[in-house]
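Participant: Supplied structure: structure.cif, mmCIF, C-alpha atoms and all ligand atoms; chains and numbers go by the auth columns.
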```cif
data_query
loop_
_atom_site.group_PDB
_atom_site.id
_atom_site.type_symbol
_atom_site.label_atom_id
_atom_site.label_comp_id
_atom_site.label_asym_id
_atom_site.label_seq_id
_atom_site.Cartn_x
_atom_site.Cartn_y
_atom_site.Cartn_z
_atom_site.B_iso_or_equiv
_atom_site.auth_seq_id
_atom_site.auth_asym_id
ATOM 1 C CA LYS A 1 -17.503 -20.827 -27.518 0.00 1 A
ATOM 2 C CA MET A 2 -17.907 -19.116 -24.209 0.00 2 A
ATOM 3 C CA GLU A 3 -17.396 -15.404 -24.238 0.00 3 A
ATOM 4 C CA ALA A 4 -16.802 -12.996 -21.409 0.00 4 A
ATOM 5 C CA TRP A 5 -15.188 -9.569 -21.391 0.00 5 A
ATOM 6 C CA TYR A 6 -14.416 -6.605 -19.185 0.00 6 A
ATOM 7 C CA MET A 7 -16.971 -3.852 -19.519 0.00 7 A
ATOM 8 C CA ASP A 8 -16.451 -0.262 -20.549 0.00 8 A
ATOM 9 C CA GLU A 9 -17.530 2.558 -18.256 0.00 9 A
ATOM 10 C CA SER A 10 -20.225 4.031 -20.475 0.00 10 A
ATOM 11 C CA ASN A 11 -23.738 4.643 -19.189 0.00 11 A
ATOM 12 C CA GLU A 12 -25.357 3.762 -22.496 0.00 12 A
ATOM 13 C CA ASP A 13 -28.166 1.232 -22.825 0.00 13 A
ATOM 14 C CA GLN A 14 -27.504 -1.797 -20.593 0.00 14 A
ATOM 15 C CA ARG A 15 -28.550 -4.100 -23.433 0.00 15 A
ATOM 16 C CA LEU A 16 -25.527 -3.106 -25.552 0.00 16 A
ATOM 17 C CA PRO A 17 -22.383 -5.291 -25.283 0.00 17 A
ATOM 18 C CA HIS A 18 -20.284 -2.635 -23.487 0.00 18 A
ATOM 19 C CA ARG A 19 -16.976 -4.034 -24.640 0.00 19 A
ATOM 20 C CA MET A 20 -13.756 -2.160 -24.045 0.00 20 A
ATOM 21 C CA ASN A 21 -11.882 -0.879 -27.059 0.00 21 A
ATOM 22 C CA PRO A 22 -9.823 -2.906 -27.773 0.00 22 A
ATOM 23 C CA ASN A 23 -11.781 -5.825 -26.367 0.00 23 A
ATOM 24 C CA GLN A 24 -10.429 -7.234 -23.099 0.00 24 A
ATOM 25 C CA ALA A 25 -11.457 -10.875 -22.790 0.00 25 A
ATOM 26 C CA ALA A 26 -12.007 -12.677 -19.493 0.00 26 A
ATOM 27 C CA SER A 27 -11.158 -16.382 -19.360 0.00 27 A
ATOM 28 C CA LEU A 28 -12.975 -19.366 -17.921 0.00 28 A
ATOM 29 C CA GLU A 29 -10.143 -19.616 -15.362 0.00 29 A
ATOM 30 C CA GLN A 30 -10.714 -16.031 -14.246 0.00 30 A
ATOM 31 C CA LEU A 31 -14.387 -16.797 -13.780 0.00 31 A
ATOM 32 C CA GLU A 32 -13.659 -19.984 -11.843 0.00 32 A
ATOM 33 C CA ARG A 33 -11.392 -18.040 -9.496 0.00 33 A
ATOM 34 C CA ILE A 34 -14.366 -15.941 -8.433 0.00 34 A
ATOM 35 C CA GLY A 35 -16.572 -19.014 -8.143 0.00 35 A
ATOM 36 C CA VAL A 36 -18.503 -18.608 -11.379 0.00 36 A
ATOM 37 C CA TYR A 37 -19.029 -21.818 -13.334 0.00 37 A
ATOM 38 C CA TYR A 38 -20.186 -21.951 -16.856 0.00 38 A
ATOM 39 C CA TRP A 39 -21.090 -24.925 -19.002 0.00 39 A
ATOM 40 C CA LYS A 40 -21.111 -24.291 -22.698 0.00 40 A
ATOM 41 C CA VAL A 41 -23.535 -25.357 -25.396 0.00 41 A
ATOM 42 C CA ARG A 42 -24.027 -29.031 -25.934 0.00 42 A
ATOM 43 C CA ASP A 43 -26.367 -28.620 -28.922 0.00 43 A
ATOM 44 C CA ASP A 44 -23.373 -28.947 -31.204 0.00 44 A
ATOM 45 C CA PRO A 45 -23.489 -32.560 -32.483 0.00 45 A
ATOM 46 C CA ARG A 46 -19.695 -32.471 -32.909 0.00 46 A
ATOM 47 C CA ALA A 47 -19.215 -31.970 -29.176 0.00 47 A
ATOM 48 C CA ARG A 48 -17.039 -34.687 -27.696 0.00 48 A
ATOM 49 C CA SER A 49 -19.118 -37.474 -26.233 0.00 49 A
ATOM 50 C CA ASP A 50 -17.412 -37.261 -22.848 0.00 50 A
ATOM 51 C CA THR A 51 -18.373 -33.627 -22.421 0.00 51 A
ATOM 52 C CA LEU A 52 -21.642 -32.680 -20.905 0.00 52 A
ATOM 53 C CA ARG A 53 -24.323 -32.672 -23.568 0.00 53 A
ATOM 54 C CA LEU A 54 -27.381 -30.830 -22.471 0.00 54 A
ATOM 55 C CA ASN A 55 -30.225 -30.577 -24.925 0.00 55 A
ATOM 56 C CA ALA A 56 -32.083 -27.326 -24.409 0.00 56 A
ATOM 57 C CA ASP A 57 -34.949 -28.443 -26.666 0.00 57 A
ATOM 58 C CA ALA A 58 -35.642 -31.514 -24.538 0.00 58 A
ATOM 59 C CA TYR A 59 -35.329 -29.978 -21.084 0.00 59 A
ATOM 60 C CA GLU A 60 -38.432 -31.775 -19.856 0.00 60 A
ATOM 61 C CA SER A 61 -36.875 -35.212 -20.325 0.00 61 A
ATOM 62 C CA ASP A 62 -33.139 -34.615 -20.856 0.00 62 A
ATOM 63 C CA PRO A 63 -31.202 -37.313 -18.945 0.00 63 A
ATOM 64 C CA GLU A 64 -28.095 -35.088 -18.752 0.00 64 A
ATOM 65 C CA LEU A 65 -30.085 -32.383 -17.025 0.00 65 A
ATOM 66 C CA GLN A 66 -31.628 -34.945 -14.683 0.00 66 A
ATOM 67 C CA LYS A 67 -28.136 -36.164 -13.841 0.00 67 A
ATOM 68 C CA ILE A 68 -26.914 -32.681 -12.973 0.00 68 A
ATOM 69 C CA ARG A 69 -29.993 -31.963 -10.912 0.00 69 A
ATOM 70 C CA ALA A 70 -29.565 -35.219 -8.971 0.00 70 A
ATOM 71 C CA GLU A 71 -25.829 -34.708 -8.414 0.00 71 A
ATOM 72 C CA LYS A 72 -26.101 -31.094 -7.328 0.00 72 A
ATOM 73 C CA GLY A 73 -29.347 -31.458 -5.440 0.00 73 A
ATOM 74 C CA TYR A 74 -31.189 -28.967 -7.635 0.00 74 A
ATOM 75 C CA SER A 75 -34.590 -30.192 -6.499 0.00 75 A
ATOM 76 C CA PHE A 76 -36.493 -27.059 -7.512 0.00 76 A
ATOM 77 C CA MET A 77 -36.903 -25.667 -11.002 0.00 77 A
ATOM 78 C CA ASP A 78 -39.134 -23.213 -12.781 0.00 78 A
ATOM 79 C CA ILE A 79 -39.024 -21.326 -16.066 0.00 79 A
ATOM 80 C CA ILE A 80 -38.931 -17.583 -16.567 0.00 80 A
ATOM 81 C CA THR A 81 -39.493 -15.902 -19.919 0.00 81 A
ATOM 82 C CA ILE A 82 -38.144 -12.387 -20.122 0.00 82 A
ATOM 83 C CA HIS A 83 -39.791 -10.723 -23.095 0.00 83 A
ATOM 84 C CA PRO A 84 -41.887 -7.534 -23.418 0.00 84 A
ATOM 85 C CA GLU A 85 -45.055 -9.538 -24.188 0.00 85 A
ATOM 86 C CA LYS A 86 -44.435 -12.438 -21.811 0.00 86 A
ATOM 87 C CA LEU A 87 -43.261 -10.832 -18.597 0.00 87 A
ATOM 88 C CA PRO A 88 -45.654 -8.454 -16.824 0.00 88 A
ATOM 89 C CA ASP A 89 -44.010 -5.128 -15.961 0.00 89 A
ATOM 90 C CA TYR A 90 -41.148 -6.002 -18.336 0.00 90 A
ATOM 91 C CA GLU A 91 -39.231 -2.713 -18.357 0.00 91 A
ATOM 92 C CA ASN A 92 -39.224 -2.371 -14.570 0.00 92 A
ATOM 93 C CA LYS A 93 -38.157 -5.969 -14.085 0.00 93 A
ATOM 94 C CA VAL A 94 -35.313 -5.562 -16.569 0.00 94 A
ATOM 95 C CA LYS A 95 -34.171 -2.480 -14.637 0.00 95 A
ATOM 96 C CA MET A 96 -34.487 -4.340 -11.332 0.00 96 A
ATOM 97 C CA PHE A 97 -32.421 -7.337 -12.492 0.00 97 A
ATOM 98 C CA TYR A 98 -29.724 -4.839 -13.462 0.00 98 A
ATOM 99 C CA GLU A 99 -29.354 -3.420 -9.960 0.00 99 A
ATOM 100 C CA GLU A 100 -26.114 -4.738 -8.495 0.00 100 A
ATOM 101 C CA HIS A 101 -27.070 -7.342 -5.886 0.00 101 A
ATOM 102 C CA LEU A 102 -26.250 -10.582 -4.114 0.00 102 A
ATOM 103 C CA HIS A 103 -28.225 -13.572 -2.854 0.00 103 A
ATOM 104 C CA LEU A 104 -27.888 -15.851 0.159 0.00 104 A
ATOM 105 C CA ASP A 105 -27.750 -18.869 -2.177 0.00 105 A
ATOM 106 C CA ASP A 106 -26.201 -19.786 -5.518 0.00 106 A
ATOM 107 C CA GLU A 107 -27.921 -18.414 -8.617 0.00 107 A
ATOM 108 C CA ILE A 108 -28.252 -21.250 -11.147 0.00 108 A
ATOM 109 C CA ARG A 109 -29.615 -20.536 -14.586 0.00 109 A
ATOM 110 C CA TYR A 110 -29.994 -22.724 -17.657 0.00 110 A
ATOM 111 C CA ILE A 111 -30.736 -20.836 -20.870 0.00 111 A
ATOM 112 C CA LEU A 112 -33.438 -22.602 -22.891 0.00 112 A
ATOM 113 C CA GLU A 113 -33.936 -20.006 -25.609 0.00 113 A
ATOM 114 C CA GLY A 114 -32.604 -16.609 -26.524 0.00 114 A
ATOM 115 C CA SER A 115 -29.609 -14.943 -24.924 0.00 115 A
ATOM 116 C CA ALA A 116 -28.599 -12.595 -22.108 0.00 116 A
ATOM 117 C CA PHE A 117 -25.726 -11.084 -20.159 0.00 117 A
ATOM 118 C CA PHE A 118 -24.711 -11.890 -16.602 0.00 118 A
ATOM 119 C CA ASP A 119 -22.310 -9.312 -15.137 0.00 119 A
ATOM 120 C CA VAL A 120 -20.118 -10.305 -12.197 0.00 120 A
ATOM 121 C CA ARG A 121 -17.555 -8.391 -10.140 0.00 121 A
ATOM 122 C CA ASP A 122 -14.002 -9.718 -10.411 0.00 122 A
ATOM 123 C CA VAL A 123 -11.431 -9.765 -7.553 0.00 123 A
ATOM 124 C CA ASP A 124 -10.628 -6.110 -8.225 0.00 124 A
ATOM 125 C CA ASP A 125 -14.289 -5.117 -8.309 0.00 125 A
ATOM 126 C CA ARG A 126 -14.352 -4.686 -12.078 0.00 126 A
ATOM 127 C CA TRP A 127 -17.352 -5.811 -14.104 0.00 127 A
ATOM 128 C CA ILE A 128 -16.990 -8.914 -16.259 0.00 128 A
ATOM 129 C CA ARG A 129 -19.829 -9.445 -18.717 0.00 129 A
ATOM 130 C CA ILE A 130 -20.702 -13.053 -19.597 0.00 130 A
ATOM 131 C CA ALA A 131 -22.724 -13.675 -22.751 0.00 131 A
ATOM 132 C CA VAL A 132 -25.041 -16.676 -22.407 0.00 132 A
ATOM 133 C CA PHE A 133 -27.037 -18.457 -25.092 0.00 133 A
ATOM 134 C CA LYS A 134 -29.398 -21.349 -25.544 0.00 134 A
ATOM 135 C CA GLY A 135 -27.941 -24.483 -23.955 0.00 135 A
ATOM 136 C CA ASP A 136 -25.672 -22.674 -21.493 0.00 136 A
ATOM 137 C CA MET A 137 -25.799 -23.241 -17.784 0.00 137 A
ATOM 138 C CA ILE A 138 -24.233 -20.776 -15.373 0.00 138 A
ATOM 139 C CA THR A 139 -23.861 -20.790 -11.605 0.00 139 A
ATOM 140 C CA LEU A 140 -23.038 -17.698 -9.565 0.00 140 A
ATOM 141 C CA PRO A 141 -21.934 -18.310 -5.978 0.00 141 A
ATOM 142 C CA ALA A 142 -23.848 -17.021 -2.970 0.00 142 A
ATOM 143 C CA GLY A 143 -22.445 -13.645 -1.929 0.00 143 A
ATOM 144 C CA ILE A 144 -21.060 -12.511 -5.296 0.00 144 A
ATOM 145 C CA TYR A 145 -22.161 -9.085 -6.500 0.00 145 A
ATOM 146 C CA HIS A 146 -23.780 -9.442 -9.894 0.00 146 A
ATOM 147 C CA ARG A 147 -26.553 -8.270 -12.200 0.00 147 A
ATOM 148 C CA PHE A 148 -28.475 -9.508 -15.227 0.00 148 A
ATOM 149 C CA THR A 149 -29.764 -8.015 -18.443 0.00 149 A
ATOM 150 C CA VAL A 150 -31.347 -9.052 -21.710 0.00 150 A
ATOM 151 C CA ASP A 151 -29.374 -8.018 -24.768 0.00 151 A
ATOM 152 C CA GLU A 152 -30.717 -6.087 -27.768 0.00 152 A
ATOM 153 C CA LYS A 153 -32.899 -9.057 -28.761 0.00 153 A
ATOM 154 C CA ASN A 154 -34.967 -8.622 -25.574 0.00 154 A
ATOM 155 C CA PHE A 155 -35.591 -12.331 -25.136 0.00 155 A
ATOM 156 C CA THR A 156 -34.381 -14.824 -22.561 0.00 156 A
ATOM 157 C CA LYS A 157 -36.112 -18.047 -21.617 0.00 157 A
ATOM 158 C CA ALA A 158 -34.310 -19.573 -18.653 0.00 158 A
ATOM 159 C CA MET A 159 -34.732 -22.385 -16.192 0.00 159 A
ATOM 160 C CA ARG A 160 -34.106 -21.333 -12.603 0.00 160 A
ATOM 161 C CA LEU A 161 -32.696 -24.126 -10.461 0.00 161 A
ATOM 162 C CA PHE A 162 -32.426 -24.198 -6.705 0.00 162 A
ATOM 163 C CA VAL A 163 -31.426 -26.495 -3.853 0.00 163 A
ATOM 164 C CA GLY A 164 -34.605 -26.899 -1.813 0.00 164 A
ATOM 165 C CA GLU A 165 -37.291 -24.253 -1.400 0.00 165 A
ATOM 166 C CA PRO A 166 -36.347 -21.284 -3.583 0.00 166 A
ATOM 167 C CA VAL A 167 -35.430 -17.933 -2.080 0.00 167 A
ATOM 168 C CA TRP A 168 -35.152 -15.295 -4.804 0.00 168 A
ATOM 169 C CA LYS A 169 -34.599 -12.319 -2.544 0.00 169 A
ATOM 170 C CA ALA A 170 -31.928 -9.958 -3.850 0.00 170 A
ATOM 171 C CA TYR A 171 -29.943 -7.649 -1.575 0.00 171 A
ATOM 172 C CA ASN A 172 -28.702 -4.621 -3.427 0.00 172 A
ATOM 173 C CA ARG A 173 -25.194 -3.388 -2.900 0.00 173 A
ATOM 174 C CA PRO A 174 -23.990 -2.424 -0.335 0.00 174 A
ATOM 175 C CA ALA A 175 -24.507 -5.702 1.519 0.00 175 A
ATOM 176 C CA ASP A 176 -20.928 -6.072 2.752 0.00 176 A
ATOM 177 C CA SER A 177 -21.786 -6.902 6.349 0.00 177 A
ATOM 178 C CA PHE A 178 -23.864 -9.952 5.391 0.00 178 A
ATOM 179 C CA GLN A 179 -22.359 -13.237 6.584 0.00 179 A
ATOM 180 C CA VAL A 180 -22.726 -14.688 3.073 0.00 180 A
ATOM 181 C CA ARG A 181 -20.662 -11.806 1.702 0.00 181 A
ATOM 182 C CA GLN A 182 -17.965 -12.232 4.366 0.00 182 A
ATOM 183 C CA ASP A 183 -17.829 -15.975 3.634 0.00 183 A
ATOM 184 C CA TYR A 184 -17.547 -15.318 -0.099 0.00 184 A
ATOM 185 C CA MET A 185 -14.722 -12.797 0.410 0.00 185 A
ATOM 186 C CA GLU A 186 -12.955 -15.246 2.716 0.00 186 A
ATOM 187 C CA ALA A 187 -13.244 -18.031 0.104 0.00 187 A
ATOM 188 C CA LEU A 188 -11.689 -15.685 -2.516 0.00 188 A
ATOM 189 C CA ARG A 189 -8.663 -15.129 -0.310 0.00 189 A
ATOM 190 C CA HIS A 190 -7.948 -18.865 -0.245 0.00 190 A
ATOM 191 C CA CYS A 191 -7.655 -19.341 -3.990 0.00 191 A
HETATM 192 C C1 LIG B . -31.159 -12.445 -10.777 0.00 201 A
HETATM 193 O O1 LIG B . -31.277 -12.672 -9.584 0.00 201 A
HETATM 194 O O2 LIG B . -30.227 -11.756 -11.194 0.00 201 A
HETATM 195 C C2 LIG B . -32.118 -13.030 -11.722 0.00 201 A
HETATM 196 O O3 LIG B . -32.890 -13.856 -11.337 0.00 201 A
HETATM 197 C C3 LIG B . -32.071 -12.588 -13.134 0.00 201 A
HETATM 198 C C4 LIG B . -33.183 -13.068 -13.996 0.00 201 A
HETATM 199 S S1 LIG B . -33.242 -14.836 -14.297 0.00 201 A
HETATM 200 C C5 LIG B . -32.579 -15.143 -15.905 0.00 201 A
HETATM 201 NI NI NI B . -29.243 -12.392 -8.950 0.00 202 A
#
```
Will you turn the file into structure tokens for me?
Ligand code: KMT
Ligand code: NI
Facilitator:
Amino acid sequence: KMEAWYMDESNEDQRLPHRMNPNQAASLEQLERIGVYYWKVRDDPRARSDTLRLNADAYESDPELQKIRAEKGYSFMDIITIHPEKLPDYENKVKMFYEEHLHLDDEIRYILEGSAFFDVRDVDDRWIRIAVFKGDMITLPAGIYHRFTVDEKNFTKAMRLFVGEPVWKAYNRPADSFQVRQDYMEALRHC
């Protein structure tokens, strides 16, 4: 089951859940309104056959993944492993991913192993934290302010997908005058 919640204001460790007390859930509909799409785990054999059934263990040959990539034009993919022993300069990178930023293109991630949090700004500029796990795919629209962190398990293996030649450049907030930001804000007003 997908889980997202509004974050508390505490400055404690970014890897902690940072739930409000009491918890304030955010729905799939709320996420869709801000252009965030989230496909939930297909590893569950009881999943209905007409739902998307990605198999995170077979990502190299999974026909469902191939279908999505063909339909969406995700021609590029690579794999990033975020773990103290696997990623050079781990602590700095984890800090860097947690700087609030935007990109000129959609950020598309498919979690192959482990877990993580993606934080996105809602329409009122409040942080929503999205917990992702093995088998989840998430897309963040170009121009949305967001950030990423590992959780307390310190392990995320993710596939990065991209339409065409990848551009990973992040622009830290404030980037309000960027055309991509203006376009994103305009799109929000129409839904
Ligand atoms: C980003 O731009 O926020 C990232 O690429 C995060 C790390 S990829 C799981
Ligand atoms: Ni990003």
Participant: Give the answer as one residue: which of A:Ser75, A:Trp5, A:Ser10, A:His101 has the shortest atom-to-atom distance to Pro22 (chain A), using all atoms listed in the file?
Facilitator: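 Distance minimum relative to Pro22 (chain A) lands on A:Trp5.
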Participant: Tell me which of A:Arg109, A:Arg126, A:Arg173, A:Arg181 sits closest to ligand LIG 201 (chain A), counting all atoms listed in the file.
Facilitator: A:Arg109
Participant: If we count only C-alpha atoms and set the cut-off at 12 Å, which residues sit around region 85-92 of chain A, ignoring sequence neighbours fewer than 3 positions away in its own chain? Please answer as a list in words.
Facilitator: Gln14, Arg15, Ile79, Ile80, Thr81, Ile82, Lys95, Met96, Phe97, Tyr98, Glu99, Thr149, Val150, Asn154, Phe155, Thr156 and Lys157 of chain A
Participant: Around ligand NI 202 (chain A), out to 9 Å and counting only C-alpha atoms and all ligand atoms, which residues are there? I want them as a PDB file with C-alpha atoms, in the coordinates of the input.
Facilitator:
```pdb
ATOM      1  CA  PHE A  97     -32.421  -7.337 -12.492  1.00  0.00           C
ATOM      2  CA  TYR A  98     -29.724  -4.839 -13.462  1.00  0.00           C
ATOM      3  CA  GLU A 100     -26.114  -4.738  -8.495  1.00  0.00           C
ATOM      4  CA  HIS A 101     -27.070  -7.342  -5.886  1.00  0.00           C
ATOM      5  CA  LEU A 102     -26.250 -10.582  -4.114  1.00  0.00           C
ATOM      6  CA  HIS A 103     -28.225 -13.572  -2.854  1.00  0.00           C
ATOM      7  CA  ASP A 106     -26.201 -19.786  -5.518  1.00  0.00           C
ATOM      8  CA  GLU A 107     -27.921 -18.414  -8.617  1.00  0.00           C
ATOM      9  CA  PHE A 118     -24.711 -11.890 -16.602  1.00  0.00           C
ATOM     10  CA  LEU A 140     -23.038 -17.698  -9.565  1.00  0.00           C
ATOM     11  CA  ILE A 144     -21.060 -12.511  -5.296  1.00  0.00           C
ATOM     12  CA  TYR A 145     -22.161  -9.085  -6.500  1.00  0.00           C
ATOM     13  CA  HIS A 146     -23.780  -9.442  -9.894  1.00  0.00           C
ATOM     14  CA  ARG A 147     -26.553  -8.270 -12.200  1.00  0.00           C
ATOM     15  CA  PHE A 148     -28.475  -9.508 -15.227  1.00  0.00           C
ATOM     16  CA  TRP A 168     -35.152 -15.295  -4.804  1.00  0.00           C
ATOM     17  CA  LYS A 169     -34.599 -12.319  -2.544  1.00  0.00           C
ATOM     18  CA  ALA A 170     -31.928  -9.958  -3.850  1.00  0.00           C
ATOM     19  CA  TYR A 171     -29.943  -7.649  -1.575  1.00  0.00           C
TER      20      TYR A 171
END
```
Participant: Could you work out how far CA of Trp39 (chain A) lies from CA of Gln182 (chain A), giving the answer in Å with one decimal?
Facilitator: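 So the two atoms, CA of Gln182 (chain A) and CA of Trp39 (chain A), lie 26.8 Å apart.
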Participant: Could you list, as a PyMOL selection string, every residue matched by the PyMOL selection byres (((chain A and resi 4) around 12) and not hetatm) in this structure?
Facilitator: chain A and resi 1-3+5-7+17-20+23-31+36+38+116-120+122+127-132
Participant: I need the chosen residues saved as a tab-separated table (two decimals), keeping the file's coordinate frame, with C-alpha atoms.
Facilitator:
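Output file again-v3.tsv is given in full below:
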```tsv
chain	number	residue	atom	x	y	z
A	1	LYS	CA	-17.50	-20.83	-27.52
A	2	MET	CA	-17.91	-19.12	-24.21
A	3	GLU	CA	-17.40	-15.40	-24.24
A	5	TRP	CA	-15.19	-9.57	-21.39
A	6	TYR	CA	-14.42	-6.60	-19.18
A	7	MET	CA	-16.97	-3.85	-19.52
A	17	PRO	CA	-22.38	-5.29	-25.28
A	18	HIS	CA	-20.28	-2.64	-23.49
A	19	ARG	CA	-16.98	-4.03	-24.64
A	20	MET	CA	-13.76	-2.16	-24.04
A	23	ASN	CA	-11.78	-5.82	-26.37
A	24	GLN	CA	-10.43	-7.23	-23.10
A	25	ALA	CA	-11.46	-10.88	-22.79
A	26	ALA	CA	-12.01	-12.68	-19.49
A	27	SER	CA	-11.16	-16.38	-19.36
A	28	LEU	CA	-12.98	-19.37	-17.92
A	29	GLU	CA	-10.14	-19.62	-15.36
A	30	GLN	CA	-10.71	-16.03	-14.25
A	31	LEU	CA	-14.39	-16.80	-13.78
A	36	VAL	CA	-18.50	-18.61	-11.38
A	38	TYR	CA	-20.19	-21.95	-16.86
A	116	ALA	CA	-28.60	-12.60	-22.11
A	117	PHE	CA	-25.73	-11.08	-20.16
A	118	PHE	CA	-24.71	-11.89	-16.60
A	119	ASP	CA	-22.31	-9.31	-15.14
A	120	VAL	CA	-20.12	-10.30	-12.20
A	122	ASP	CA	-14.00	-9.72	-10.41
A	127	TRP	CA	-17.35	-5.81	-14.10
A	128	ILE	CA	-16.99	-8.91	-16.26
A	129	ARG	CA	-19.83	-9.44	-18.72
A	130	ILE	CA	-20.70	-13.05	-19.60
A	131	ALA	CA	-22.72	-13.68	-22.75
A	132	VAL	CA	-25.04	-16.68	-22.41
```
Participant: Selection in question (the file shown): the PyMOL selection byres (((chain A and resi 161) around 6) and not hetatm). Which residues does it include, as a list in words?
Facilitator: Tyr74, Phe76, Met77, Ile108, Arg160 and Phe162 of chain A
Participant: Counting only C-alpha atoms, what is within 9 Å of Leu188 (chain A), bar same-chain residues fewer than 2 positions away, as a VMD selection string?
Facilitator: chain A and resid 33 to 35 123 183 to 186 190 to 191
Participant: Please determine, counting all atoms listed in the file, which residue among A:Lys67, A:Lys134, A:Lys72, A:Lys93 has the shortest atom-to-atom distance to ligand LIG 201 (chain A).
Facilitator: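 Once distances to ligand LIG 201 (chain A) are computed over all atoms listed in the file, the minimum belongs to A:Lys93.
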Participant: With 8 Å on each side, where is the centre of the axis-aligned box around all listed atoms of region 105-116 of chain A, and how long are its edges in Å to one decimal, as lines of an AutoDock Vina configuration file?
Facilitator:
```
center_x = -30.1
center_y = -17.7
center_z = -14.4
size_x = 23.7
size_y = 26.1
size_z = 40.3
```
